[in-house]
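> I'd like to ask you about the structure that follows.
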Amino acid sequence: MEKNIQELLIQLLKDSLVKLKLDSVFQEELILDFPTDERFGDFSTNLALRLSKLAKRSPRDIAISLIDSLNGQLEGSPAEGFVKEIKVEGAGFINFYLSEKYFYEQLKRIIVEGRDAHKINLGRGKNVLIEFVSANPTGSLSVAHARQAAVGDSLANTLEFIGFKVSREYYLNDEGNQINILGGSVELRGKELAGEKVEFPENYYQGDYIYDIAKLAKEKGVRTEGLGDFAAEYILEIIKKELEDFGVRFDCWYSQKELQKSAKIDSSFEFLRKNNLLYEQEGALWFKSTEFGDDKDRVVIKSDGSYTYLAPDIAYHEEKYKRGFSWLINLWGPDHHGYISRLKASVQAFGHSADSLCVVIVQLATIFREGKVVHMSTRKGQYITLREVLDEVGKDASRFFFLMRRTSSHLDFDLDVAKKQTSENPVYYVQYAHARICSILRSASFAPRQDTDLSLLKEKEEIALIKKILQFSSVLNVCLVTLDPYMLTVYLQELAESFHKFYDLHRVLGQHDALTEARLSLIDAVKITLATGLELVGVSKPEKM
RNA sequence: GCGCCUGUGGCCCAACGGAUAGGGCGUUAGCCUCCGGAGCUAAAUGUGUGGGUUCAAUUCCCACCAGGCGCACCA
């Protein structure tokens, strides 16, 4: 079966609408829902309810006609034999019940093809650039950056898996005010270390690491004017190591300093000027962002002649398109959400659609220790760093935890719970299922075979487990639509649960040969699916634990 | 003041306008002669308030209440 069963059924529905002359009144796109409750079948549609008013017939009446027609169309179609029953239920829902034959065939694909069987090609090779973290190189990464890193990397993994060509990028703010302040901070700390009495301004970087950099700068004989760059480079190395240990790699570190040196900012301004989108007022240069739906126009060159933050960003994003990316995804902290409309305005000014730039706001995580909030202040250098979370909780638990809520919601992260190696901790629940399967497969010296008779899998828990495995691709689709990988963690927990329930009631080993073989194949498919999901989340898949 | 996000059992949450509002934690009571008990089974507690749209609203719209965040010629 080339097309998936869902698409086939939708096509049959469309044909039935035409046959019943109902297609003219129903103009919307036809979709099949996954019912929340398995009692309502494998697919469901509310089509008859929605048609009721338009066609001036009762919902159940329409549903019955549709089902009649569907049953007729099914004969001889590629879906024949895969649909057990189509029923009208409730107020007029049409519910589709698939046959076991369908599930066995899909399961076989996974056993034979492995993880690739889950790959649905939704991306079709489209070039997408995901820019995330992009923290200023002025200190260690915080938990806020950690969540962005976890979300961004998993989203990138997921998009890659479903056929996009993904590039991960970190925009490096290695020039400007904050680097000057960083340099100033190092200079003052250096003087302090030399015994001078200094007044340390409140907006300078207060963290102790500044002392370390000051010492090092002295050893290397760095001159005052080079302190900012020196410190930024030093801190960047720390950030790179932190991300690496977190399992996050970037394809490109895009330097703002390099961008400034090139003529790209000027040439982007030239383009805007030609299109009458720049004007001078009160000694500053303004971008007419209101032409593209922004609340007000924005300054790009201040009256003192320097660029605002937006200026290089306009050129930077135009450059992204020129580099061949047709879809841009940016992950930002919630403090930047006011910035979305002006950046969208800027890409539109260059003729790109507003939708080609997607901004995902990653909400903050509140850290709890022993049930109490840990208060943070970046300015004072008092904040929980990615490094601390890694040291205390470890990579697996922290990456999983950061994805356990919708990206747009606040996340409470209790360090003590994440540390626990008990059932309270969902990471271990999922990993345990994987290790348990590995253990069984090991002791049976299992190797997948083509000719296994999967139709021996008849138990309720077995069928439920197969269905759960097959849901994986629709979860990937949800991740794409919501631009949020968080559903993966929900799914992994459900799949693990489904497996544990099966395991508790049915023995795999020691059955008659054919049944043991079928059950080994089933749990192998669970293993493949768990492993794939864990990889996308960025968590290890232990064979023993 | 304007804008964005969030209000669901003791606590944390649940993609899609649908069917008896699902799950987890915690609590209580059970389950190992048996493939890994980091597991399984069972019990109890409910949509912030007031309107509206709809055959159908936790979901959409309006107002209000509560909490968080943002509103720079900062980055």
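Chain labels A, B, ... are given in the sequence in which chains occur in the structure tokens; within each chain residues are numbered consecutively from 1, and ligands are likewise numbered from 1 in the order shown.
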Starting from chain A, keep only residues with some atom at most 6 Å from an atom of chain B, counting only C-alpha atoms (C1' of nucleotides), and report them as an mmCIF file with C-alpha atoms, in the first residue's frame.

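As written to disk, result_32.cif reads:
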data_model
loop_
_atom_site.group_PDB
_atom_site.id
_atom_site.type_symbol
_atom_site.label_atom_id
_atom_site.label_comp_id
_atom_site.auth_asym_id
_atom_site.auth_seq_id
_atom_site.Cartn_x
_atom_site.Cartn_y
_atom_site.Cartn_z
ATOM 1 C CA GLY A 90 -23.230 9.143 18.890
ATOM 2 C CA LYS A 302 20.448 56.276 16.154
ATOM 3 C CA ASP A 335 11.304 38.989 26.658
ATOM 4 C CA THR A 422 12.458 6.260 40.774
ATOM 5 C CA SER A 423 9.075 5.963 39.161
ATOM 6 C CA ARG A 436 13.860 -4.285 29.745
ATOM 7 C CA ILE A 440 14.578 -10.040 26.834
ATOM 8 C CA VAL A 478 1.871 17.224 15.494
ATOM 9 C CA ASP A 504 2.857 -7.620 33.072
ATOM 10 C CA LEU A 509 9.627 -16.262 26.451
#
> Write out as a tab-separated table (two decimals) with C-alpha atoms, in the first residue's frame the residues lying within 8 Å of segment 147-151 of chain A, counting only C-alpha atoms (C1' of nucleotides) and excluding same-chain residues fewer than 6 positions away.

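In the end it all went to out.tsv:
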chain	number	residue	atom	x	y	z
A	132	PHE	CA	18.39	29.17	18.74
A	133	VAL	CA	20.16	29.91	22.02
A	243	LEU	CA	26.31	22.90	24.74
A	248	VAL	CA	23.65	20.14	21.24
A	331	LEU	CA	13.62	30.40	19.07
A	332	TRP	CA	13.48	33.37	21.41
A	333	GLY	CA	12.92	34.03	25.07
A	362	VAL	CA	10.32	29.49	24.63
A	364	LEU	CA	11.06	30.40	31.11
A	365	ALA	CA	11.66	27.55	33.46
A	399	ARG	CA	16.77	17.25	28.32
A	402	PHE	CA	12.78	20.64	29.49
A	403	LEU	CA	10.44	19.06	26.93
A	407	THR	CA	7.20	25.17	24.86
A	484	ASP	CA	7.00	21.97	19.35
A	485	PRO	CA	8.77	18.68	20.08
A	486	TYR	CA	7.15	18.37	23.47
A	537	VAL	CA	14.53	14.09	22.28
A	538	GLY	CA	18.29	13.79	22.73
> Rounded to one decimal in Å, what is the spacing between atom CA of Asn136 of chain A and atom CA of Gln178 of chain A?
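Those two atoms sit 7.9 Å apart.
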> Would you compute the distance between atom CA of Ser134 of chain A and atom CA of Asp297 of chain A? Give it in Å to one decimal.
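Distance reported for this atom pair: 25.4 Å.
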> List every residue of segment 27-231 of chain A that DSSP, applied to the backbone of this structure, assigns to strand (DSSP E), and report them as a ChimeraX atom specification.
/A:43-45,83-89,93-98,127-131,165-172
> Hey, which of B:G1, B:G17, B:G9, B:C32 ends up closest to U53 of chain B? Count only C-alpha atoms (C1' of nucleotides).
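Among the listed residues, B:G17 lies closest to U53 of chain B.
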> Using atom CA of Val25 of chain A and atom CA of Leu49 of chain A as the two end points, give the distance in Å to one decimal.
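Going from atom CA of Val25 of chain A over to atom CA of Leu49 of chain A, I get 13.2 Å.
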> Using only C-alpha atoms (C1' of nucleotides), which protein or nucleic acid residues come within 12 Å of A43 of chain B? Drop anything in the same chain fewer than 4 positions from it, and give the result as a ChimeraX atom specification.
/B:27-30
> Within 10 Å of Tyr170 of chain A, counting only C-alpha atoms (C1' of nucleotides), which residues qualify if same-chain residues fewer than 6 places away don't, as a list of chain:residue names?
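Once the adjacent positions are removed, what remains is A:Ile130, A:Glu131, A:Phe132, A:Val133, A:Ser134, A:Ala135, A:Arg249, A:Phe250, A:Asp251, A:Cys252, A:Trp253, A:Tyr254, A:Ser255.
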